[in-house]
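File shown here: final_37.cif, holding mmCIF, C-alpha atoms.
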data_coords
loop_
_atom_site.label_atom_id
_atom_site.label_comp_id
_atom_site.auth_asym_id
_atom_site.auth_seq_id
_atom_site.Cartn_x
_atom_site.Cartn_y
_atom_site.Cartn_z
CA MET H 1 2.12 56.20 4.49
CA MET H 2 0.50 53.42 2.49
CA LYS H 3 -2.12 54.92 0.17
CA LYS H 4 -5.74 53.91 0.65
CA SER H 5 -5.94 52.94 -3.03
CA VAL H 6 -3.17 50.39 -2.51
CA ILE H 7 -4.98 48.73 0.41
CA ALA H 8 -8.36 48.81 -1.30
CA ALA H 9 -6.98 47.36 -4.51
CA ALA H 10 -5.22 44.61 -2.60
CA LEU H 11 -8.28 43.66 -0.59
CA LEU H 12 -10.72 43.78 -3.47
CA SER H 13 -8.72 42.76 -6.49
CA GLY H 14 -5.26 41.53 -5.55
CA VAL H 15 -6.29 37.98 -4.68
CA MET H 16 -3.62 35.39 -5.48
CA PHE H 17 -4.60 31.97 -4.19
CA GLY H 18 -2.72 28.99 -5.59
CA GLY H 19 -4.94 26.36 -7.21
CA ALA H 20 -8.02 28.59 -7.27
CA VAL H 21 -8.17 29.18 -11.01
CA GLY H 22 -8.97 25.99 -12.96
CA ALA H 23 -12.16 25.94 -14.98
CA TYR H 24 -13.34 29.06 -13.16
CA ALA H 25 -10.72 31.08 -15.03
CA ALA H 26 -12.13 30.37 -18.48
CA SER H 27 -15.31 32.37 -17.92
CA ASN H 28 -14.38 34.81 -15.16
CA LEU H 29 -10.78 35.94 -15.65
CA GLU H 30 -9.77 38.63 -18.10
CA GLU H 31 -6.21 38.88 -19.36
CA ILE H 32 -4.51 42.23 -18.75
CA ARG H 33 -1.05 43.74 -19.19
CA ALA H 34 0.48 44.92 -15.93
CA TYR H 35 3.96 45.76 -14.59
CA LEU H 36 5.93 44.74 -11.53
CA ASN H 37 6.65 48.06 -9.83
CA ARG H 38 9.85 47.85 -7.78
CA GLY H 39 10.08 51.63 -7.39
CA ILE H 40 7.34 51.89 -4.75
CA SER H 41 8.22 51.79 -1.04
CA PHE H 42 5.78 51.22 1.81
CA GLU H 43 5.22 52.24 5.41
CA ILE H 44 2.83 50.75 7.96
CA LYS H 45 2.06 53.01 10.92
CA GLY H 46 5.18 55.02 10.19
CA ASN H 47 7.50 52.02 9.93
CA ALA H 48 9.19 50.92 6.71
CA TRP H 49 7.67 47.73 5.31
CA ILE H 50 8.77 45.43 2.50
CA PRO H 51 6.00 43.16 1.11
CA THR H 52 7.03 39.50 1.36
CA ASP H 53 5.34 36.14 0.93
CA SER H 54 5.10 33.48 3.64
CA SER H 55 8.67 32.32 2.97
CA GLY H 56 10.09 35.84 3.32
CA THR H 57 10.66 36.34 -0.42
CA PRO H 58 10.01 39.94 -1.57
CA ALA H 59 6.67 40.37 -3.33
CA PRO H 60 6.83 43.58 -5.41
CA PRO H 61 3.53 45.30 -6.20
CA ILE H 62 1.88 45.30 -9.60
CA THR H 63 0.82 48.52 -11.30
CA TYR H 64 -2.12 48.41 -13.70
CA ASP H 65 -4.06 51.33 -15.15
CA GLY H 66 -2.79 53.74 -12.48
CA THR H 67 -3.61 51.49 -9.53
CA THR H 68 -1.17 49.51 -7.37
CA TYR H 69 -1.99 45.92 -6.42
CA LEU H 70 -0.50 43.54 -3.85
CA PRO H 71 -1.41 39.91 -3.13
CA LEU H 72 -4.21 39.73 -0.60
CA ARG H 73 -2.31 37.26 1.60
CA VAL H 74 0.66 39.67 1.77
CA ILE H 75 -1.57 42.55 2.90
CA ALA H 76 -3.49 40.32 5.32
CA ASN H 77 -0.25 39.14 6.91
CA ALA H 78 1.06 42.70 7.27
CA LEU H 79 -2.16 43.90 8.89
CA ASP H 80 -2.44 40.69 10.97
CA VAL H 81 -5.78 39.64 9.46
CA PRO H 82 -6.57 35.96 8.71
CA VAL H 83 -7.62 35.22 5.14
CA ASP H 84 -8.91 32.06 3.45
CA TYR H 85 -10.51 31.02 0.17
CA ASP H 86 -13.60 28.85 -0.27
CA ALA H 87 -13.14 27.16 -3.65
CA SER H 88 -16.67 25.73 -3.59
CA THR H 89 -18.20 29.23 -3.66
CA ASN H 90 -15.25 31.20 -5.11
CA LYS H 91 -15.41 33.41 -2.03
CA VAL H 92 -12.57 35.13 -0.17
CA LEU H 93 -12.93 35.09 3.63
CA LEU H 94 -11.36 37.89 5.66
CA GLY H 95 -11.16 37.76 9.45
CA GLN H 96 -11.43 33.99 9.81
CA MET H 97 -10.49 30.76 8.11
CA LEU H 98 -12.81 28.39 6.27
CA ASP H 99 -13.02 26.16 9.35
CA GLY H 100 -13.88 29.11 11.61
CA VAL H 101 -10.45 29.61 13.18
CA GLY H 102 -9.61 33.27 13.67
CA HIS H 103 -7.87 35.83 15.85
CA ASP H 104 -10.64 35.58 18.43
CA SER H 105 -10.32 31.80 18.76
CA PRO H 106 -9.38 30.84 22.35
CA LEU H 107 -6.52 28.55 23.30
CA VAL H 108 -7.47 25.08 24.52
CA PRO H 109 -5.40 22.32 26.17
CA VAL H 110 -3.77 19.72 23.91
CA THR H 111 -4.06 16.14 25.08
CA TYR H 112 -1.40 13.81 23.68
CA SER H 113 -1.87 10.08 24.09
CA GLU H 114 1.12 7.89 24.90
CA VAL H 115 0.98 6.47 21.37
CA GLN H 116 1.02 9.96 19.85
CA LEU H 117 3.93 11.09 22.00
CA LYS H 118 5.92 8.01 21.10
CA ALA H 119 5.18 8.60 17.40
CA ILE H 120 6.58 12.13 17.64
CA ASN H 121 9.57 11.09 19.71
CA HIS H 122 10.46 8.27 17.33
CA THR H 123 10.55 10.90 14.57
CA PHE H 124 12.81 13.26 16.52
CA SER H 125 16.38 12.34 17.50
CA TYR H 126 15.95 14.35 20.72
CA PRO H 127 13.00 15.05 23.06
CA PRO H 128 10.90 17.59 21.12
CA VAL H 129 9.26 20.70 22.51
CA LEU H 130 5.45 20.56 22.30
CA PRO H 131 2.70 23.13 22.92
CA GLU H 132 0.42 22.39 25.85
CA ARG H 133 -2.23 24.70 24.35
CA ILE H 134 -3.24 25.49 20.76
CA VAL H 135 -5.99 27.54 19.14
CA GLN H 136 -9.43 25.92 19.32
CA GLY H 137 -10.18 24.28 15.98
CA ASP H 138 -6.56 23.59 15.03
CA VAL H 139 -5.47 19.98 14.55
CA PHE H 140 -2.13 18.17 14.44
CA GLN H 141 -1.16 16.74 11.05
CA GLU H 142 2.38 15.32 11.07
CA ALA H 143 5.92 15.42 12.37
CA SER H 144 8.99 15.11 10.18
CA CYS H 145 12.76 15.61 10.39
CA THR H 146 15.67 16.36 8.10
CA GLU H 147 19.34 16.05 9.04
CA ASP H 148 19.31 18.62 11.86
CA THR H 149 15.86 20.25 11.87
CA CYS H 150 12.44 18.88 12.73
CA THR H 151 8.94 20.15 12.04
CA LEU H 152 5.58 19.77 13.75
CA ARG H 153 2.73 20.63 11.39
CA TYR H 154 -0.75 21.51 12.51
CA LYS H 155 -3.43 22.75 10.13
CA HIS H 156 -2.77 26.36 11.14
CA LEU H 157 0.29 26.22 13.39
CA GLY H 158 3.81 25.40 12.26
CA ILE H 159 6.73 24.59 14.58
CA GLY H 160 10.35 24.21 13.50
CA GLU H 161 12.90 22.87 15.99
CA SER H 162 16.63 22.27 16.13
CA GLN H 163 19.40 21.81 18.65
CA ARG H 164 21.47 24.26 16.60
CA ASP H 165 21.01 28.01 16.82
CA TYR H 166 20.15 29.32 13.35
CA SER H 167 19.32 32.84 14.49
CA ASP H 168 20.48 35.81 12.41
CA PRO H 169 20.56 39.21 14.18
CA GLU H 170 19.73 40.94 10.89
CA GLN H 171 16.45 39.02 10.66
CA ILE H 172 15.20 40.09 14.10
CA GLU H 173 12.33 42.58 13.95
CA LYS H 174 11.72 42.98 17.69
CA GLU H 175 12.41 41.34 21.04
CA VAL H 176 9.59 40.23 23.36
CA THR H 177 9.20 38.45 26.68
CA LEU H 178 6.58 35.69 26.79
CA SER H 179 4.19 35.37 29.71
CA ASN H 180 6.31 32.56 31.16
CA GLY H 181 9.38 34.82 31.24
CA VAL H 182 11.09 33.33 28.16
CA LYS H 183 12.90 35.85 25.95
CA ALA H 184 11.85 35.58 22.29
CA SER H 185 12.44 37.34 18.99
CA TRP H 186 9.97 38.14 16.23
CA LEU H 187 11.73 37.52 12.91
CA LYS H 188 11.08 39.60 9.81
CA GLN H 189 9.44 36.65 8.03
CA GLY H 190 6.75 36.62 10.72
CA SER H 191 7.77 33.78 13.03
CA LEU H 192 8.63 33.73 16.74
CA TYR H 193 12.07 32.39 17.69
CA PHE H 194 13.06 31.30 21.20
CA LYS H 195 14.81 28.56 23.18
CA VAL H 196 13.29 25.92 25.45
CA GLY H 197 15.87 23.83 27.26
CA ASP H 198 18.45 22.92 24.63
CA VAL H 199 16.00 23.22 21.71
CA TYR H 200 15.63 26.29 19.49
CA VAL H 201 12.01 26.80 18.42
CA ASN H 202 10.64 28.68 15.41
CA LEU H 203 6.88 29.17 15.84
CA GLY H 204 4.47 30.64 13.31
CA THR H 205 1.18 30.42 11.46
CA ARG H 206 1.10 28.41 8.25
CA ASP H 207 -1.75 30.37 6.67
CA TYR H 208 -1.99 33.75 8.47
CA SER H 209 -4.90 32.44 10.55
CA LEU H 210 -3.24 33.11 13.92
CA SER H 211 -2.47 36.51 15.42
CA ASP H 212 0.87 37.47 16.94
CA ALA H 213 -0.78 37.48 20.37
CA GLN H 214 -2.03 33.90 19.88
CA ILE H 215 1.40 32.73 18.75
CA GLU H 216 3.06 34.32 21.78
CA LYS H 217 0.53 32.68 24.09
CA ILE H 218 1.13 29.28 22.45
CA GLY H 219 4.89 29.82 22.70
CA ALA H 220 4.59 30.37 26.45
CA THR H 221 3.07 26.88 26.80
CA MET H 222 5.86 25.04 24.95
CA VAL H 223 7.44 22.31 27.07
CA GLN H 224 9.81 19.43 26.39
CA SER H 225 8.17 16.07 25.74
CA PRO H 226 8.32 13.69 28.73
CA VAL H 227 8.95 10.64 26.51
CA GLU H 228 12.47 9.40 25.81
CA LYS H 229 13.99 10.23 22.43
CA GLY H 230 13.34 7.77 19.61
CA THR H 231 15.02 6.43 16.50
CA ASN H 232 14.55 9.44 14.18
CA SER H 233 12.36 7.77 11.55
CA ALA H 234 11.31 9.66 8.41
CA ALA H 235 7.94 10.97 9.61
CA ALA H 236 5.05 10.35 11.96
CA SER H 237 1.35 11.29 11.79
CA LEU H 238 -0.97 11.64 14.75
CA ASP H 239 -4.19 11.29 12.75
#

Show how you would write the structure in this file as structure tokens.
Amino acid sequence: MMKKSVIAAALLSGVMFGGAVGAYAASNLEEIRAYLNRGISFEIKGNAWIPTDSSGTPAPPITYDGTTYLPLRVIANALDVPVDYDASTNKVLLGQMLDGVGHDSPLVPVTYSEVQLKAINHTFSYPPVLPERIVQGDVFQEASCTEDTCTLRYKHLGIGESQRDYSDPEQIEKEVTLSNGVKASWLKQGSLYFKVGDVYVNLGTRDYSLSDAQIEKIGATMVQSPVEKGTNSAAASLD
């Protein structure tokens, strides 16, 4: 089982937030000599667990002065706890995001205007699949496409879509059935993979703010856009 000292060290001291150092570091950070410890293995609730970052890259722990440290975001993701950082106060927030979004945030209907739908559809080369409900407090940011994959970015929600099946059986962690009857797979990197119509959807949280239950509920509301496909431009924003 994961030792309490590992969890405590990660929550209290293993904070690794990009861009949060700056001038603050000069007076508050102390240089130490530590070691990446690849010899430690982990279990969570009796199941083997490999620490990874948001992209699925292994994140080995650090050992310093007899204590093991992991990045706070890695631990928060494993324990399904949202985490954020307020740079204005140098404060770590556990259990909710800076804008108040958290695992207890309800889902609310998404209203897309005709202009917004056309903007998305002119970015996609096929009718995209959109959520009818998202977590209260989340906002749409942009849509973009590469050669054969497209992305819908919200502040907290991320949606990848393609008409090609990129699933890998070795990356499946567990199979689930959404409330609308759709069969879906949780992937090891923490995203939910399923098919709507002829579109394969990869649904996840961009910043660990959303729980697995919220993501599954959002996934059950995904429907194909009613607007005709567009011209596949570089990107579109709904701001």

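Those residues returned by the PyMOL selection byres ((chain H and resi 73) around 8) for this file are Val15, Met16, Asp53, Pro71, Leu72, Val74, Ile75, Ala76, Asn77, Val83 and Tyr208 of chain H.
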
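Residues in contact with Ile218 in chain H at 9 Å, where all atoms listed in the file are counted and same-chain residues fewer than 6 positions away are skipped, are listed as Leu107, Pro131, Glu132, Arg133, Ile134, Val135 and Leu203 of chain H.
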
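Considering all atoms listed in the file, the residue among H:Asp165, H:Thr205, H:Ser225, H:Asn90 positioned nearest to Ala119 in chain H is H:Ser225.
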
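Residues lying at most 9 Å from (11.1, 28.8, 24.9) in file coordinates, with all atoms listed in the file considered, are Val129, Leu178, Asn180, Gly181, Val182, Lys183, Ala184, Tyr193, Phe194, Lys195, Val196, Gly197, Val199, Tyr200, Val201, Gly219, Ala220, Thr221, Met222 and Val223 of chain H.
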
Counting all atoms listed in the file, what is within 6 Å of range 28-40 of chain H, bar same-chain residues fewer than 5 positions away, as a PDB file with C-alpha atoms, in the coordinates of the input?
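Writing done, so here's part-v4.pdb:
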ATOM      1  CA  PRO H  60       6.830  43.580  -5.410  1.00  0.00           C
ATOM      2  CA  PRO H  61       3.530  45.300  -6.200  1.00  0.00           C
ATOM      3  CA  ILE H  62       1.880  45.300  -9.600  1.00  0.00           C
ATOM      4  CA  THR H  63       0.820  48.520 -11.300  1.00  0.00           C
ATOM      5  CA  TYR H  64      -2.120  48.410 -13.700  1.00  0.00           C
TER       6      TYR H  64
END

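Residues matching the PyMOL selection byres ((chain H and resi 161) around 9) in this structure come to Pro128, Val129, Asp148, Thr149, Cys150, Thr151, Leu152, Ile159, Gly160, Ser162, Gln163, Arg164, Val199, Tyr200, Val201, Asn202 and Leu203 of chain H.
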
- Message: Could you tell me, as a PyMOL selection string, exactly which residues end up selected when the PyMOL selection byres ((chain H and resi 174) around 10) is applied to this structure?
- Response: chain H and resi 171-173+175-176+184-188+192

Mind dumping the selected residues with C-alpha atoms as a tab-separated table (two decimals), in the frame of the given file?
chain	number	residue	atom	x	y	z
H	171	GLN	CA	16.45	39.02	10.66
H	172	ILE	CA	15.20	40.09	14.10
H	173	GLU	CA	12.33	42.58	13.95
H	175	GLU	CA	12.41	41.34	21.04
H	176	VAL	CA	9.59	40.23	23.36
H	184	ALA	CA	11.85	35.58	22.29
H	185	SER	CA	12.44	37.34	18.99
H	186	TRP	CA	9.97	38.14	16.23
H	187	LEU	CA	11.73	37.52	12.91
H	188	LYS	CA	11.08	39.60	9.81
H	192	LEU	CA	8.63	33.73	16.74

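Closest approach to Thr52 in chain H among H:Thr146, H:Thr177, H:Gln96, H:Gln189 is made by H:Gln189 (distances from only C-alpha atoms).
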
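The space between CA of Thr111 in chain H and CA of Ser144 in chain H spans 19.8 Å.
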
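Of the listed residues H:Trp49, H:Phe42, H:Tyr154, H:Tyr112, the one whose atoms come nearest to Glu142 in chain H is H:Tyr154, with distances taken using all atoms listed in the file.
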
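Distance-wise, CA of Leu210 in chain H and CA of Leu94 in chain H end up 12.5 Å apart.
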
- Message: Rounded to one decimal, what separation in Å do you get between CA of Thr57 in chain H and CA of Glu170 in chain H?
- Response: 15.2 Å

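With only C-alpha atoms as the atoms that count, the minimum distance from Ser105 in chain H to the choices H:Thr67, H:Ser191, H:Gln136, H:Gln141 is reached by H:Gln136.
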
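Nearest residue to Arg153 in chain H among H:Ile120, H:Lys217, H:Pro106, H:Asp168 is H:Ile120, counting all atoms listed in the file.
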
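Using only C-alpha atoms for every distance, the candidate list H:Cys145, H:Phe140, H:Asp104, H:Ala59 yields H:Cys145 as the residue closest to Asn121 in chain H.
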